[in-house]
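Engineer: Let me give you the structure first, and then I'll get to my questions.
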Amino acid sequence: QLVESGGGLVQAGGSLTLSCKASGMILSVFTGSDRAWYRQSPGKERELVARIPRDGNTEYADSVKGRFTITRDNTKRTVYLHMRSLKPEDTAVYYCNINYLGSRDYWGQGTQVTVPS
């Protein structure tokens, strides 16, 4: 139900924008959910990158603050992760997550971001 796109290979210092479309999700569920991006590198646990809570301010991992921005377009049921000043350590599979009141938890299939060193 969550379709991600936008990953790829980018040189250090470059930019990418990831998209996550919640196909078929009704508006009230989308706007009533916590929306987030996670990432996982080989041999590491999945970590939170950025989150837009259903009520409250956006949150970012310390490692991406000032470089990544999470936004959403409710009319398109889409969550974005705008990434700039990319570093080799940002290389990972990025996953979109939408959690509705703790009762429904949706994950995307993951999209690979590679920043060569």
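All residue names refer to the structure tokens as shown: chains lettered A, B, ... in order, residues numbered from 1 in each chain, ligands numbered from 1 in order.
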If DSSP is run on the backbone, what residues of chain A are helix (DSSP H, G or I)? A reply as a PyMOL selection string would be ideal.

Structural biologist: chain A and resi 27-31+74-76+88-90

Engineer: Keeping only all heavy atoms, take the residues you just selected and write them out as a PDB file, in the first residue's frame.

Structural biologist:
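Wrote again-v3.pdb, looks like this:
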```pdb
ATOM      1  N   LEU A  27      -8.156   9.886   3.491  1.00  0.00           N
ATOM      2  CA  LEU A  27      -7.482  11.089   3.964  1.00  0.00           C
ATOM      3  C   LEU A  27      -7.396  11.139   5.483  1.00  0.00           C
ATOM      4  O   LEU A  27      -6.358  11.490   6.042  1.00  0.00           O
ATOM      5  CB  LEU A  27      -8.192  12.335   3.429  1.00  0.00           C
ATOM      6  CG  LEU A  27      -7.559  13.677   3.807  1.00  0.00           C
ATOM      7  CD1 LEU A  27      -6.119  13.761   3.313  1.00  0.00           C
ATOM      8  CD2 LEU A  27      -8.394  14.823   3.253  1.00  0.00           C
ATOM      9  N   SER A  28      -8.478  10.770   6.155  1.00  0.00           N
ATOM     10  CA  SER A  28      -8.480  10.879   7.615  1.00  0.00           C
ATOM     11  C   SER A  28      -7.456   9.952   8.257  1.00  0.00           C
ATOM     12  O   SER A  28      -6.884  10.274   9.303  1.00  0.00           O
ATOM     13  CB  SER A  28      -9.872  10.575   8.163  1.00  0.00           C
ATOM     14  OG  SER A  28     -10.265   9.257   7.818  1.00  0.00           O
ATOM     15  N   VAL A  29      -7.203   8.817   7.646  1.00  0.00           N
ATOM     16  CA  VAL A  29      -6.180   7.912   8.170  1.00  0.00           C
ATOM     17  C   VAL A  29      -4.808   8.493   7.905  1.00  0.00           C
ATOM     18  O   VAL A  29      -3.933   8.487   8.774  1.00  0.00           O
ATOM     19  CB  VAL A  29      -6.316   6.502   7.544  1.00  0.00           C
ATOM     20  CG1 VAL A  29      -5.127   5.616   7.949  1.00  0.00           C
ATOM     21  CG2 VAL A  29      -7.615   5.858   7.992  1.00  0.00           C
ATOM     22  N   PHE A  30      -4.610   9.020   6.720  1.00  0.00           N
ATOM     23  CA  PHE A  30      -3.302   9.594   6.392  1.00  0.00           C
ATOM     24  C   PHE A  30      -2.967  10.759   7.302  1.00  0.00           C
ATOM     25  O   PHE A  30      -1.870  10.830   7.862  1.00  0.00           O
ATOM     26  CB  PHE A  30      -3.283  10.040   4.928  1.00  0.00           C
ATOM     27  CG  PHE A  30      -1.944  10.543   4.466  1.00  0.00           C
ATOM     28  CD1 PHE A  30      -0.934   9.656   4.115  1.00  0.00           C
ATOM     29  CD2 PHE A  30      -1.692  11.908   4.393  1.00  0.00           C
ATOM     30  CE1 PHE A  30       0.307  10.115   3.697  1.00  0.00           C
ATOM     31  CE2 PHE A  30      -0.450  12.377   3.976  1.00  0.00           C
ATOM     32  CZ  PHE A  30       0.554  11.480   3.630  1.00  0.00           C
ATOM     33  N   THR A  31      -3.910  11.679   7.480  1.00  0.00           N
ATOM     34  CA  THR A  31      -3.628  12.855   8.303  1.00  0.00           C
ATOM     35  C   THR A  31      -3.616  12.527   9.796  1.00  0.00           C
ATOM     36  O   THR A  31      -3.003  13.263  10.581  1.00  0.00           O
ATOM     37  CB  THR A  31      -4.646  13.972   8.044  1.00  0.00           C
ATOM     38  OG1 THR A  31      -5.964  13.474   8.307  1.00  0.00           O
ATOM     39  CG2 THR A  31      -4.575  14.452   6.606  1.00  0.00           C
ATOM     40  N   ASN A  74      -0.936  16.125   1.869  1.00  0.00           N
ATOM     41  CA  ASN A  74      -2.120  15.350   2.231  1.00  0.00           C
ATOM     42  C   ASN A  74      -2.993  15.046   1.018  1.00  0.00           C
ATOM     43  O   ASN A  74      -3.552  13.951   0.915  1.00  0.00           O
ATOM     44  CB  ASN A  74      -2.936  16.101   3.277  1.00  0.00           C
ATOM     45  CG  ASN A  74      -2.227  16.170   4.622  1.00  0.00           C
ATOM     46  OD1 ASN A  74      -1.406  15.324   4.945  1.00  0.00           O
ATOM     47  ND2 ASN A  74      -2.549  17.182   5.404  1.00  0.00           N
ATOM     48  N   THR A  75      -3.101  15.985   0.101  1.00  0.00           N
ATOM     49  CA  THR A  75      -3.976  15.761  -1.053  1.00  0.00           C
ATOM     50  C   THR A  75      -3.457  14.626  -1.925  1.00  0.00           C
ATOM     51  O   THR A  75      -4.225  13.950  -2.590  1.00  0.00           O
ATOM     52  CB  THR A  75      -4.118  17.032  -1.891  1.00  0.00           C
ATOM     53  OG1 THR A  75      -2.832  17.434  -2.363  1.00  0.00           O
ATOM     54  CG2 THR A  75      -4.720  18.158  -1.069  1.00  0.00           C
ATOM     55  N   LYS A  76      -2.138  14.429  -1.919  1.00  0.00           N
ATOM     56  CA  LYS A  76      -1.550  13.354  -2.711  1.00  0.00           C
ATOM     57  C   LYS A  76      -1.275  12.111  -1.867  1.00  0.00           C
ATOM     58  O   LYS A  76      -0.768  11.113  -2.400  1.00  0.00           O
ATOM     59  CB  LYS A  76      -0.247  13.827  -3.356  1.00  0.00           C
ATOM     60  CG  LYS A  76      -0.425  14.939  -4.383  1.00  0.00           C
ATOM     61  CD  LYS A  76       0.908  15.330  -5.004  1.00  0.00           C
ATOM     62  CE  LYS A  76       0.730  16.415  -6.050  1.00  0.00           C
ATOM     63  NZ  LYS A  76       2.025  16.828  -6.662  1.00  0.00           N
ATOM     64  N   PRO A  88      28.634   9.490   2.453  1.00  0.00           N
ATOM     65  CA  PRO A  88      28.691   8.030   2.296  1.00  0.00           C
ATOM     66  C   PRO A  88      27.967   7.289   3.422  1.00  0.00           C
ATOM     67  O   PRO A  88      27.363   6.232   3.175  1.00  0.00           O
ATOM     68  CB  PRO A  88      30.193   7.743   2.300  1.00  0.00           C
ATOM     69  CG  PRO A  88      30.803   8.985   1.750  1.00  0.00           C
ATOM     70  CD  PRO A  88      29.959  10.108   2.291  1.00  0.00           C
ATOM     71  N   GLU A  89      27.986   7.831   4.620  1.00  0.00           N
ATOM     72  CA  GLU A  89      27.306   7.159   5.734  1.00  0.00           C
ATOM     73  C   GLU A  89      25.792   7.229   5.648  1.00  0.00           C
ATOM     74  O   GLU A  89      25.097   6.610   6.467  1.00  0.00           O
ATOM     75  CB  GLU A  89      27.789   7.728   7.084  1.00  0.00           C
ATOM     76  CG  GLU A  89      27.752   9.242   7.174  1.00  0.00           C
ATOM     77  CD  GLU A  89      29.096   9.877   6.875  1.00  0.00           C
ATOM     78  OE1 GLU A  89      29.764   9.465   5.891  1.00  0.00           O
ATOM     79  OE2 GLU A  89      29.470  10.823   7.618  1.00  0.00           O
ATOM     80  N   ASP A  90      25.268   7.970   4.691  1.00  0.00           N
ATOM     81  CA  ASP A  90      23.823   7.973   4.453  1.00  0.00           C
ATOM     82  C   ASP A  90      23.402   6.794   3.577  1.00  0.00           C
ATOM     83  O   ASP A  90      22.195   6.582   3.370  1.00  0.00           O
ATOM     84  CB  ASP A  90      23.394   9.277   3.761  1.00  0.00           C
ATOM     85  CG  ASP A  90      23.599  10.496   4.637  1.00  0.00           C
ATOM     86  OD1 ASP A  90      23.319  10.420   5.849  1.00  0.00           O
ATOM     87  OD2 ASP A  90      24.048  11.531   4.101  1.00  0.00           O
TER      88      ASP A  90
END
```

Engineer: Hey, could you make a per-residue contact list for stretch 23-93 of chain A against stretch 7-19 of chain A with 9 Å as the cut-off, showing the nearest pair of atoms and its distance in Å to one decimal, counting only C-alpha atoms, sorted by chain and number, as JSON lines?

Structural biologist:
```
{"residue": "A:Thr78", "atom": "CA", "partner": "A:Ser19", "partner_atom": "CA", "distance": 6.7}
{"residue": "A:Val79", "atom": "CA", "partner": "A:Ser19", "partner_atom": "CA", "distance": 5.9}
{"residue": "A:Tyr80", "atom": "CA", "partner": "A:Ser19", "partner_atom": "CA", "distance": 4.6}
{"residue": "A:Leu81", "atom": "CA", "partner": "A:Leu18", "partner_atom": "CA", "distance": 5.0}
{"residue": "A:His82", "atom": "CA", "partner": "A:Thr17", "partner_atom": "CA", "distance": 4.4}
{"residue": "A:Met83", "atom": "CA", "partner": "A:Leu16", "partner_atom": "CA", "distance": 5.2}
{"residue": "A:Arg84", "atom": "CA", "partner": "A:Ser15", "partner_atom": "CA", "distance": 4.2}
{"residue": "A:Ser85", "atom": "CA", "partner": "A:Gly13", "partner_atom": "CA", "distance": 4.1}
{"residue": "A:Leu86", "atom": "CA", "partner": "A:Gly13", "partner_atom": "CA", "distance": 4.9}
{"residue": "A:Lys87", "atom": "CA", "partner": "A:Ala12", "partner_atom": "CA", "distance": 5.1}
{"residue": "A:Pro88", "atom": "CA", "partner": "A:Ala12", "partner_atom": "CA", "distance": 6.5}
{"residue": "A:Val93", "atom": "CA", "partner": "A:Gly7", "partner_atom": "CA", "distance": 8.6}
```

Engineer: Using only C-alpha atoms, pick whichever of A:Gly66, A:Gly102, A:Leu2, A:Asn57 has the shortest atom-to-atom distance to A:Gly32.

Structural biologist: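 For A:Gly32, the nearest of the given residues is A:Gly102.
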
Engineer: Which of stretch 26-112 of chain A end up as strand (DSSP E or B) when DSSP is run on this backbone - answer as a PyMOL selection string?

Structural biologist: chain A and resi 34-40+47-52+59-60+68-73+78-83+92-100+104-107+111-112

Engineer: Rank A:Ile52, A:Ala61, A:Val113, A:Cys96 by their smallest atom-to-atom distance to A:Ser33, using only C-alpha atoms, and report the top residue only.

Structural biologist: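 Nearest candidate to A:Ser33 out of A:Ile52, A:Ala61, A:Val113, A:Cys96: A:Ile52.
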
Engineer: Hey, what's within 10 Å of A:Val3 if we count only C-alpha atoms and toss same-chain stuff fewer than 3 positions away? As a ChimeraX atom specification, please?

Structural biologist: /A:19-23,78,95-96,107-111

Engineer: Restricting the output to N, CA and C atoms, write the selected residues as a CSV table (one decimal), in the first residue's frame.

Structural biologist:
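Result file out_5.csv:
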```csv
chain,number,residue,atom,x,y,z
A,19,SER,N,10.1,9.7,-2.2
A,19,SER,CA,8.6,9.8,-2.2
A,19,SER,C,8.0,8.5,-1.7
A,20,CYS,N,6.9,8.7,-0.9
A,20,CYS,CA,6.2,7.5,-0.4
A,20,CYS,C,4.7,7.8,-0.6
A,21,LYS,N,4.1,7.1,-1.5
A,21,LYS,CA,2.7,7.3,-1.8
A,21,LYS,C,1.8,6.2,-1.1
A,22,ALA,N,0.9,6.7,-0.3
A,22,ALA,CA,0.0,5.8,0.4
A,22,ALA,C,-1.3,5.5,-0.5
A,23,SER,N,-1.1,4.6,-1.4
A,23,SER,CA,-2.2,4.3,-2.4
A,23,SER,C,-3.4,3.7,-1.7
A,78,THR,N,1.1,11.6,0.2
A,78,THR,CA,2.5,11.3,-0.1
A,78,THR,C,3.3,12.0,1.0
A,95,TYR,N,13.1,3.3,4.3
A,95,TYR,CA,11.8,2.7,4.4
A,95,TYR,C,10.8,3.8,4.9
A,96,CYS,N,9.7,3.9,4.2
A,96,CYS,CA,8.6,4.7,4.7
A,96,CYS,C,7.7,4.0,5.7
A,107,TRP,N,4.4,-0.3,6.1
A,107,TRP,CA,5.8,-0.1,5.7
A,107,TRP,C,5.9,-0.2,4.1
A,108,GLY,N,6.7,0.6,3.6
A,108,GLY,CA,7.1,0.5,2.2
A,108,GLY,C,8.0,-0.6,1.9
A,109,GLN,N,8.3,-0.8,0.7
A,109,GLN,CA,9.2,-1.9,0.3
A,109,GLN,C,10.7,-1.6,0.4
A,110,GLY,N,11.0,-0.3,0.6
A,110,GLY,CA,12.3,0.1,0.7
A,110,GLY,C,12.9,0.6,-0.6
A,111,THR,N,13.7,1.6,-0.5
A,111,THR,CA,14.4,2.1,-1.7
A,111,THR,C,15.9,2.4,-1.3
```

Engineer: For each of A:Ser5, A:Thr91, A:Ser41, A:Thr71, take the minimum atom-to-atom distance to A:Thr58, counting only C-alpha atoms, then give the residue where this is smallest.

Structural biologist: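 Going through A:Ser5, A:Thr91, A:Ser41, A:Thr71 one by one, the smallest distance to A:Thr58 is for A:Thr71.
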